[in-house]
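J.: Contents of model_15.cif (mmCIF, C-alpha atoms):
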```cif
data_query
#
loop_
_atom_site.label_atom_id
_atom_site.label_comp_id
_atom_site.auth_asym_id
_atom_site.auth_seq_id
_atom_site.Cartn_x
_atom_site.Cartn_y
_atom_site.Cartn_z
CA ARG A 125 -3.56 -21.58 20.00
CA GLU A 126 -6.68 -20.98 17.92
CA GLU A 127 -5.89 -17.30 17.26
CA GLU A 128 -2.31 -18.17 16.30
CA ALA A 129 -3.59 -20.62 13.68
CA ALA A 130 -6.02 -18.01 12.34
CA ALA A 131 -3.26 -15.44 12.04
CA THR A 132 -1.06 -17.94 10.24
CA ARG A 133 -3.53 -19.12 7.63
CA GLY A 134 -4.72 -15.60 6.92
CA GLY A 135 -8.42 -16.39 6.70
CA ASP A 136 -9.03 -17.39 3.09
CA GLY A 137 -12.27 -19.23 3.75
CA GLY A 138 -15.83 -18.12 3.10
CA ALA A 139 -16.72 -17.17 6.70
CA ASP A 140 -17.25 -13.56 7.73
CA PRO A 141 -13.69 -12.48 8.64
CA MET A 142 -14.88 -10.05 11.31
CA GLU A 143 -16.77 -12.82 13.11
CA SER A 144 -14.29 -15.65 12.54
CA LEU A 145 -10.96 -13.85 12.81
CA VAL A 146 -11.21 -10.45 14.48
CA LYS A 147 -13.89 -10.73 17.17
CA PRO A 148 -12.34 -13.76 18.93
CA ILE A 149 -9.11 -11.77 19.34
CA LEU A 150 -10.93 -8.64 20.50
CA ALA A 151 -12.72 -10.74 23.11
CA ARG A 152 -9.39 -11.89 24.61
CA HIS A 153 -7.31 -8.74 24.31
CA GLY A 154 -7.68 -5.08 25.14
CA ALA A 155 -6.04 -2.20 26.94
CA GLY A 156 -2.97 -3.44 28.77
CA CYS A 157 -3.17 -6.80 26.99
CA GLU A 158 -2.65 -6.01 23.32
CA TRP A 159 -2.58 -8.78 20.73
CA GLU A 160 0.78 -9.86 19.31
CA ASP A 161 0.87 -11.63 15.97
CA VAL A 162 3.23 -14.54 16.57
CA ALA A 163 2.91 -15.57 12.91
CA PHE A 164 4.55 -12.29 11.86
CA PRO A 165 6.60 -11.31 14.91
CA ALA A 166 7.92 -7.88 15.78
CA ALA A 167 11.46 -9.18 15.34
CA ASP A 168 14.37 -9.21 12.92
CA ALA A 169 12.97 -12.34 11.25
CA SER A 170 10.27 -10.14 9.68
CA LEU A 171 12.71 -7.49 8.46
CA PRO A 172 15.32 -7.10 5.71
CA ALA A 173 18.90 -7.30 6.97
CA SER A 174 19.30 -3.53 6.52
CA ALA A 175 16.65 -2.93 9.19
CA HIS A 176 17.77 -5.51 11.76
CA GLY A 177 17.77 -4.07 15.24
CA ALA A 178 14.94 -1.64 14.49
CA LYS A 179 12.68 -0.77 17.38
CA TRP A 180 9.05 -1.82 17.00
CA GLN A 181 6.36 0.46 18.39
CA ARG A 182 2.60 0.27 18.75
CA ALA A 183 0.33 2.67 16.89
CA ARG A 184 -0.54 4.36 20.19
CA GLN A 185 3.17 5.15 20.63
CA LEU A 186 3.55 6.51 17.10
CA CYS A 187 0.29 8.46 16.90
CA LEU A 188 -1.52 10.87 19.19
CA ALA A 189 -4.92 9.46 18.24
CA PRO A 190 -4.58 6.49 15.85
CA VAL A 191 -7.20 6.10 13.11
CA VAL A 192 -7.31 3.85 10.07
CA PHE A 193 -8.58 6.66 7.84
CA GLY A 194 -8.13 10.23 8.97
CA ARG A 195 -9.88 13.42 8.00
CA SER A 196 -9.05 15.05 4.72
CA SER A 197 -6.70 17.99 4.92
CA LYS A 198 -8.30 19.50 1.82
CA ALA A 199 -11.98 19.96 2.63
CA ALA A 200 -14.43 18.88 5.26
CA ASP A 201 -16.48 16.86 2.77
CA ALA A 202 -13.55 15.38 0.84
CA ASP A 203 -12.57 11.72 1.15
CA ALA A 204 -9.64 11.30 3.52
CA ILE A 205 -7.93 8.76 1.26
CA ASP A 206 -5.55 10.82 -0.84
CA PRO A 207 -2.68 9.58 -3.06
CA SER A 208 -0.57 12.55 -1.97
CA ASP A 209 -0.58 11.27 1.64
CA ILE A 210 1.46 8.15 0.78
CA SER A 211 5.14 8.37 1.66
CA GLN A 212 7.76 5.68 1.06
CA GLY A 213 10.05 4.71 3.90
CA ALA A 214 13.34 2.80 4.10
CA LEU A 215 12.03 -0.18 2.14
CA GLY A 216 12.19 -0.83 -1.61
CA THR A 217 8.44 -0.96 -2.16
CA CYS A 218 8.02 1.93 -4.61
CA TYR A 219 6.06 -0.37 -6.93
CA PHE A 220 3.57 -1.31 -4.19
CA LEU A 221 3.14 2.28 -3.02
CA SER A 222 2.66 3.41 -6.62
CA ALA A 223 -0.11 0.82 -6.89
CA LEU A 224 -1.59 2.19 -3.64
CA SER A 225 -1.49 5.71 -5.06
CA VAL A 226 -3.32 4.62 -8.19
CA ALA A 227 -5.93 2.73 -6.17
CA ALA A 228 -6.33 5.72 -3.84
CA THR A 229 -7.68 7.77 -6.75
CA ARG A 230 -10.74 5.55 -6.24
CA PRO A 231 -11.00 5.60 -2.45
CA GLN A 232 -13.47 2.72 -2.24
CA LEU A 233 -10.78 0.38 -3.59
CA ILE A 234 -8.69 1.17 -0.52
CA ARG A 235 -11.60 1.04 1.91
CA SER A 236 -12.61 -2.37 0.57
CA CYS A 237 -9.21 -3.73 1.61
CA PHE A 238 -10.08 -3.22 5.29
CA VAL A 239 -12.33 -5.46 7.33
CA THR A 240 -11.28 -3.51 10.45
CA THR A 241 -11.94 0.15 9.75
CA GLU A 242 -11.72 1.51 13.31
CA PRO A 243 -8.87 1.33 15.84
CA ASN A 244 -9.24 -1.06 18.75
CA GLU A 245 -7.50 -1.57 22.07
CA ALA A 246 -6.24 -5.00 21.02
CA GLY A 247 -4.23 -3.46 18.17
CA CYS A 248 -5.64 -6.06 15.75
CA TYR A 249 -6.49 -5.31 12.13
CA CYS A 250 -7.81 -7.45 9.30
CA VAL A 251 -6.84 -6.60 5.71
CA ARG A 252 -8.13 -8.24 2.54
CA LEU A 253 -5.64 -8.76 -0.28
CA PHE A 254 -5.49 -11.24 -3.14
CA ARG A 255 -3.05 -14.02 -3.97
CA ASP A 256 -3.32 -15.90 -7.25
CA GLY A 257 -6.75 -14.35 -7.73
CA ARG A 258 -8.11 -15.57 -4.41
CA PRO A 259 -9.06 -13.22 -1.55
CA ARG A 260 -6.90 -13.54 1.55
CA HIS A 261 -7.94 -12.01 4.86
CA ILE A 262 -4.76 -11.22 6.75
CA LEU A 263 -4.51 -10.37 10.43
CA VAL A 264 -1.79 -7.97 11.54
CA ASP A 265 -1.07 -6.27 14.82
CA ASP A 266 -0.25 -2.56 14.97
CA GLN A 267 3.42 -2.94 15.86
CA LEU A 268 5.56 -1.15 13.26
CA PRO A 269 9.33 -0.78 12.81
CA ALA A 270 10.13 2.78 13.85
CA HIS A 271 12.80 5.44 13.78
CA GLY A 272 14.19 6.61 17.08
CA HIS A 273 12.27 9.86 16.70
CA GLY A 274 8.93 8.06 16.75
CA ARG A 275 7.94 7.75 13.09
CA PRO A 276 7.43 4.54 11.08
CA LEU A 277 10.61 3.29 9.43
CA PHE A 278 8.74 2.03 6.39
CA ALA A 279 5.75 3.40 4.46
CA ALA A 280 3.38 5.74 6.25
CA SER A 281 0.76 8.39 5.69
CA LYS A 282 1.80 12.02 5.85
CA GLN A 283 -1.24 12.44 8.10
CA ARG A 284 0.53 11.44 11.30
CA ASP A 285 -2.34 9.59 13.00
CA GLU A 286 -3.50 7.72 9.89
CA LEU A 287 -2.64 4.00 9.69
CA TRP A 288 -3.97 2.68 6.37
CA VAL A 289 -0.71 3.01 4.44
CA SER A 290 1.45 1.31 7.08
CA LEU A 291 -1.10 -1.46 7.73
CA LEU A 292 -1.49 -2.28 4.04
CA GLU A 293 2.27 -2.50 3.56
CA LYS A 294 2.59 -4.71 6.66
CA ALA A 295 -0.23 -7.00 5.50
CA TYR A 296 1.43 -7.26 2.07
CA ALA A 297 4.70 -8.18 3.76
CA LYS A 298 2.94 -10.85 5.79
CA LEU A 299 1.26 -12.21 2.65
CA PHE A 300 4.78 -12.89 1.31
CA SER A 301 6.28 -13.86 4.71
CA SER A 302 8.52 -10.83 5.40
CA TYR A 303 9.22 -7.20 4.59
CA ALA A 304 12.37 -8.35 2.80
CA ALA A 305 10.28 -10.48 0.41
CA ILE A 306 8.38 -7.47 -0.96
CA GLU A 307 11.39 -5.33 -1.87
CA GLY A 308 11.28 -4.87 -5.63
CA GLY A 309 8.34 -5.65 -7.89
CA HIS A 310 5.97 -4.37 -10.55
CA VAL A 311 3.09 -1.92 -10.25
CA ASP A 312 0.70 -4.03 -12.33
CA GLU A 313 1.23 -7.12 -10.19
CA ALA A 314 0.71 -5.14 -6.98
CA LEU A 315 -2.53 -3.71 -8.37
CA VAL A 316 -3.76 -7.25 -8.99
CA ASP A 317 -2.83 -8.22 -5.42
CA LEU A 318 -4.69 -5.17 -4.07
CA THR A 319 -7.85 -5.39 -6.15
CA GLY A 320 -8.18 -8.95 -7.41
CA GLY A 321 -8.37 -7.60 -10.94
CA VAL A 322 -6.82 -9.13 -14.03
CA GLY A 323 -3.35 -8.02 -15.03
CA GLY A 324 -3.38 -5.77 -18.06
CA GLU A 325 -0.93 -4.69 -20.73
CA ASN A 326 2.64 -3.48 -20.49
CA LEU A 327 3.68 -0.78 -22.95
CA SER A 328 7.33 -0.16 -23.81
CA LEU A 329 7.91 3.49 -24.62
CA ALA A 330 11.00 2.49 -26.56
CA GLU A 331 8.75 0.60 -28.96
CA GLU A 332 5.39 2.35 -28.66
CA GLY A 333 7.03 5.77 -28.70
CA ARG A 334 7.91 5.33 -32.38
CA ASP A 335 4.28 6.14 -33.12
CA PRO A 336 3.27 8.86 -30.60
CA ASP A 337 -0.26 9.19 -31.96
CA ARG A 338 -0.95 5.48 -31.53
CA LEU A 339 0.61 5.49 -28.07
CA TRP A 340 -1.56 8.43 -27.00
CA SER A 341 -4.64 6.78 -28.43
CA ARG A 342 -3.94 3.63 -26.44
CA LEU A 343 -3.32 5.54 -23.20
CA THR A 344 -6.51 7.59 -23.50
CA GLY A 345 -8.38 4.43 -24.44
CA PHE A 346 -7.17 2.77 -21.22
CA VAL A 347 -8.35 5.76 -19.20
CA HIS A 348 -11.78 5.81 -20.83
CA ALA A 349 -12.11 2.06 -20.18
CA GLY A 350 -11.48 2.68 -16.47
CA TYR A 351 -8.10 0.97 -16.24
CA LEU A 352 -5.69 1.69 -13.38
CA LEU A 353 -2.32 2.86 -14.72
CA GLY A 354 1.21 2.71 -13.34
CA ALA A 355 4.63 3.39 -14.82
CA GLY A 356 8.25 2.36 -14.41
CA SER A 357 11.49 3.98 -15.50
CA PRO A 358 14.46 2.19 -17.18
CA ALA A 359 16.86 0.17 -15.06
CA GLY A 360 19.26 2.17 -12.95
CA THR A 361 19.82 3.35 -9.40
CA ASP A 362 17.70 5.82 -7.47
CA THR A 363 20.57 8.28 -7.55
CA ASP A 364 20.29 8.49 -11.34
CA VAL A 365 17.78 11.13 -12.43
CA SER A 366 16.96 12.02 -16.03
CA ALA A 367 16.90 15.57 -17.38
CA GLU A 368 13.11 15.44 -16.99
CA GLY A 369 13.44 14.59 -13.30
CA ILE A 370 12.54 10.90 -13.63
CA VAL A 371 14.35 8.65 -11.14
CA GLN A 372 15.80 5.59 -12.88
CA GLY A 373 14.88 2.05 -11.87
CA HIS A 374 11.82 3.42 -10.08
CA ALA A 375 8.04 2.96 -10.09
CA TYR A 376 5.48 5.73 -10.49
CA SER A 377 1.73 6.12 -10.27
CA CYS A 378 -0.02 7.45 -13.34
CA LEU A 379 -2.79 9.59 -11.88
CA ARG A 380 -4.04 11.46 -14.91
CA VAL A 381 -3.84 11.49 -18.70
CA ALA A 382 -4.99 14.73 -20.31
CA GLU A 383 -4.56 16.97 -23.33
CA GLU A 384 -4.46 20.70 -22.66
CA GLU A 385 -3.96 23.38 -25.33
CA GLY A 386 -2.39 20.87 -27.68
CA HIS A 387 -0.05 19.40 -25.06
CA ARG A 388 -0.33 15.71 -24.18
CA LEU A 389 0.30 15.35 -20.46
CA LEU A 390 0.76 12.52 -17.96
CA GLN A 391 0.52 13.23 -14.25
CA LEU A 392 2.98 10.91 -12.51
CA ARG A 393 3.54 10.56 -8.77
CA ASN A 394 6.78 9.50 -7.12
CA PRO A 395 6.02 7.36 -4.02
CA TRP A 396 8.82 9.13 -2.18
CA GLY A 397 6.04 11.64 -1.59
CA ARG A 398 7.86 14.76 -2.77
CA THR A 399 6.95 14.97 -6.47
#
```
The structure in this file should be written as structure tokens.

T.:
Amino acid sequence: REEEAAATRGGDGGADPMESLVKPILARHGAGCEWEDVAFPAADASLPASAHGAKWQRARQLCLAPVVFGRSSKAADADAIDPSDISQGALGTCYFLSALSVAATRPQLIRSCFVTTEPNEAGCYCVRLFRDGRPRHILVDDQLPAHGHGRPLFAASKQRDELWVSLLEKAYAKLFSSYAAIEGGHVDEALVDLTGGVGGENLSLAEEGRDPDRLWSRLTGFVHAGYLLGAGSPAGTDTDVSAEGIVQGHAYSCLRVAEEEGHRLLQLRNPWGRT
């Protein structure tokens, strides 16, 4: 079928993805006849072995009133895209969610990932990511692996009706063929896949930390240049936590670099959504 082929190739051509990919599906599907992405089926083949047997549910079953981007919980005029809304689920994608958190500090970076910015009765969404520097427009349906109590099994927004976190993770999984394929990775590479930017520098604290003044100068220089920053802790298991509260073998977002009253501070965010 034509729509099956479109969903499989992901729409990497120069045509308007809304016209060439989304609208043909919306014309054929609607309430009572929702679109199912056969190229990335709601089945065990799309899941890691640890999640086999999971129940898949539509957004309308998981949310009272599904929206791609919800209203901000902070202020009426604030942007609804907030790094603190991202919560990791039962999938090892802390690096990807850390990249999402960093990108969410500049909400337009997240908004630009979505061709489909409003919910539709077909349950069809188009997301733009990058692979090897090339934009890829990826179609996904709104079926998500879920817990028995009606919440997404994998990444989700803390704003219950908001879909952008879950849809981006699902599109990323489809880009690499399955949810299992995106377990484990690096924040910098995920940022490139999200934004199409060029990969930057990796700093080793074990080496750079020998000269704290130089390290701080480089970090503040990155911030002033507008770079997006992420962080990773030394190898270990997520049950190992340092005296400073840093989970080992884990990825973090670096949301802020600042000096206050002589103290040099980094604001890090754990994608588990609690710290």

J.: Enumerate, as a ChimeraX atom specification, the protein, DNA and RNA residues whose atoms approach (11.6, -11.9, 7.5) to within 10 Å, taking into account all atoms listed in the file and the coordinate frame of the file.

T.: /A:164-173,176,297-298,300-305

J.: Mind dumping the selected residues with C-alpha atoms as a tab-separated table (two decimals), in the frame of the given file?

T.:
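In the end it all went to selection-v7.tsv:
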```tsv
chain	number	residue	atom	x	y	z
A	164	PHE	CA	4.55	-12.29	11.86
A	165	PRO	CA	6.60	-11.31	14.91
A	166	ALA	CA	7.92	-7.88	15.78
A	167	ALA	CA	11.46	-9.18	15.34
A	168	ASP	CA	14.37	-9.21	12.92
A	169	ALA	CA	12.97	-12.34	11.25
A	170	SER	CA	10.27	-10.14	9.68
A	171	LEU	CA	12.71	-7.49	8.46
A	172	PRO	CA	15.32	-7.10	5.71
A	173	ALA	CA	18.90	-7.30	6.97
A	176	HIS	CA	17.77	-5.51	11.76
A	297	ALA	CA	4.70	-8.18	3.76
A	298	LYS	CA	2.94	-10.85	5.79
A	300	PHE	CA	4.78	-12.89	1.31
A	301	SER	CA	6.28	-13.86	4.71
A	302	SER	CA	8.52	-10.83	5.40
A	303	TYR	CA	9.22	-7.20	4.59
A	304	ALA	CA	12.37	-8.35	2.80
A	305	ALA	CA	10.28	-10.48	0.41
```

J.: Please tell me which residues are no farther than 8 Å from (-1.4, -4.7, 21.6) in the file, counting only C-alpha atoms, and write them as a VMD selection string.

T.: chain A and resid 153 to 160 182 245 to 248 265 to 267

J.: Out of A:Leu352, A:Cys250, A:Leu343, A:Leu329, which residue has the shortest atom-to-atom distance to Asp140 (chain A) when counting all atoms listed in the file?

T.: A:Cys250

J.: Starting from the PyMOL selection byres ((chain A and resi 393) around 8), expand the selection into actual residues of this file and give them as a PyMOL selection string.

T.: chain A and resi 222+225+376-379+391-392+394-395+397+399

J.: For each of A:Cys237, A:Val289, A:Val191, A:Ala163, take the minimum atom-to-atom distance to Leu221 (chain A), counting all atoms listed in the file, then give the residue where this is smallest.

T.: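 That would be A:Val289, the residue with the smallest distance to Leu221 (chain A).
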
J.: Would you kindly return, as an NGL selection string, each protein, DNA or RNA residue with an atom no farther than 8 Å from any atom of Asp317 (chain A), considering only C-alpha atoms and excluding same-chain residues fewer than 2 positions away?

T.: :A and (253-257 or 313-315 or 319-321)

J.: Write out as a ChimeraX atom specification the residues lying within 8 Å of Tyr219 (chain A), counting all atoms listed in the file and excluding same-chain residues fewer than 4 positions away.

T.: /A:223,308-311,314,374-376

J.: Between A:Trp288, A:Phe238, A:Tyr351, A:Tyr296, which has the minimum distance to Phe220 (chain A) (counting all atoms listed in the file)?

T.: A:Tyr296

J.: Quick one: residues within 9 Å of Met142 (chain A), all atoms listed in the file counted, chain neighbours fewer than 4 positions away excluded, as a PyMOL selection string?

T.: chain A and resi 146-148+239-240+250

J.: Any chance you could work out the axis-aligned box around region 301-316 of chain A, listed atoms only, 4 Å on each side, giving centre and edge lengths in Å to one decimal, as lines of an AutoDock Vina configuration file?

T.:
```
center_x = 4.3
center_y = -7.9
center_z = -3.5
size_x = 24.1
size_y = 19.9
size_z = 25.7
```

J.: What does the distance between CA of Gln212 (chain A) and CA of Lys179 (chain A) come to in Å, to one decimal place?

T.: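 Computing the Euclidean distance for CA of Gln212 (chain A) and CA of Lys179 (chain A) yields 18.2 Å.
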
J.: Using all atoms listed in the file, which residue out of A:Gly386, A:Gly369, A:Gly356, A:Gly213 lies closest to Ser281 (chain A)?

T.: A:Gly213

J.: Run the PyMOL selection byres ((chain A and resi 232) around 12) mentally over the shown coordinates, then write out the matched residues as a count of residues only, using the chain letters and numbers from the document.

T.: 20

J.: I'd like to know which of A:Leu268, A:Leu150, A:Leu292, A:Leu339 is closest to Arg388 (chain A), using only C-alpha atoms.

T.: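 That would be A:Leu339, the residue with the smallest distance to Arg388 (chain A).
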
J.: Calculated over only C-alpha atoms, which of the candidates A:Ile306, A:Val251, A:Ala183, A:Leu291 has the smallest distance to Thr217 (chain A)?

T.: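 Ranked by minimum distance to Thr217 (chain A), first place goes to A:Ile306.
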
J.: Compile the contact shell of Arg275 (chain A) as a list in words: residues with an atom at most 12 Å away, counting all atoms listed in the file, same-chain residues fewer than 4 positions apart removed.

T.: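 Using all atoms listed in the file, the neighbours found are Ala178, Lys179, Trp180, Gln181, Arg182, Ala183, Arg184, Gln185, Leu186, Cys187, Leu188, Ser211, Gly213, Ala214, Gln267, Leu268, Pro269, Ala270, His271, Ala279, Ala280, Ser281, Lys282, Gln283, Arg284, Asp285, Glu286, Leu287 and Ser290 of chain A.
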
J.: In Å, how far is it from CA of Leu145 (chain A) to CA of His261 (chain A)?

T.: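 Separation of CA of Leu145 (chain A) and CA of His261 (chain A): 8.7 Å.
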
J.: List as a PyMOL selection string the protein and nucleic acid residues near Pro358 (chain A), meaning an atom at most 12 Å away when all atoms listed in the file are counted, but skip any in the same chain fewer than 4 places from it.

T.: chain A and resi 328-330+362+364-366+370-376

J.: Would you save the residues from that selection as an mmCIF file, keeping the file's coordinate frame, using C-alpha atoms?

T.:
```
data_model
loop_
_atom_site.group_PDB
_atom_site.id
_atom_site.type_symbol
_atom_site.label_atom_id
_atom_site.label_comp_id
_atom_site.auth_asym_id
_atom_site.auth_seq_id
_atom_site.Cartn_x
_atom_site.Cartn_y
_atom_site.Cartn_z
ATOM 1 C CA SER A 328 7.330 -0.160 -23.810
ATOM 2 C CA LEU A 329 7.910 3.490 -24.620
ATOM 3 C CA ALA A 330 11.000 2.490 -26.560
ATOM 4 C CA ASP A 362 17.700 5.820 -7.470
ATOM 5 C CA ASP A 364 20.290 8.490 -11.340
ATOM 6 C CA VAL A 365 17.780 11.130 -12.430
ATOM 7 C CA SER A 366 16.960 12.020 -16.030
ATOM 8 C CA ILE A 370 12.540 10.900 -13.630
ATOM 9 C CA VAL A 371 14.350 8.650 -11.140
ATOM 10 C CA GLN A 372 15.800 5.590 -12.880
ATOM 11 C CA GLY A 373 14.880 2.050 -11.870
ATOM 12 C CA HIS A 374 11.820 3.420 -10.080
ATOM 13 C CA ALA A 375 8.040 2.960 -10.090
ATOM 14 C CA TYR A 376 5.480 5.730 -10.490
#
```
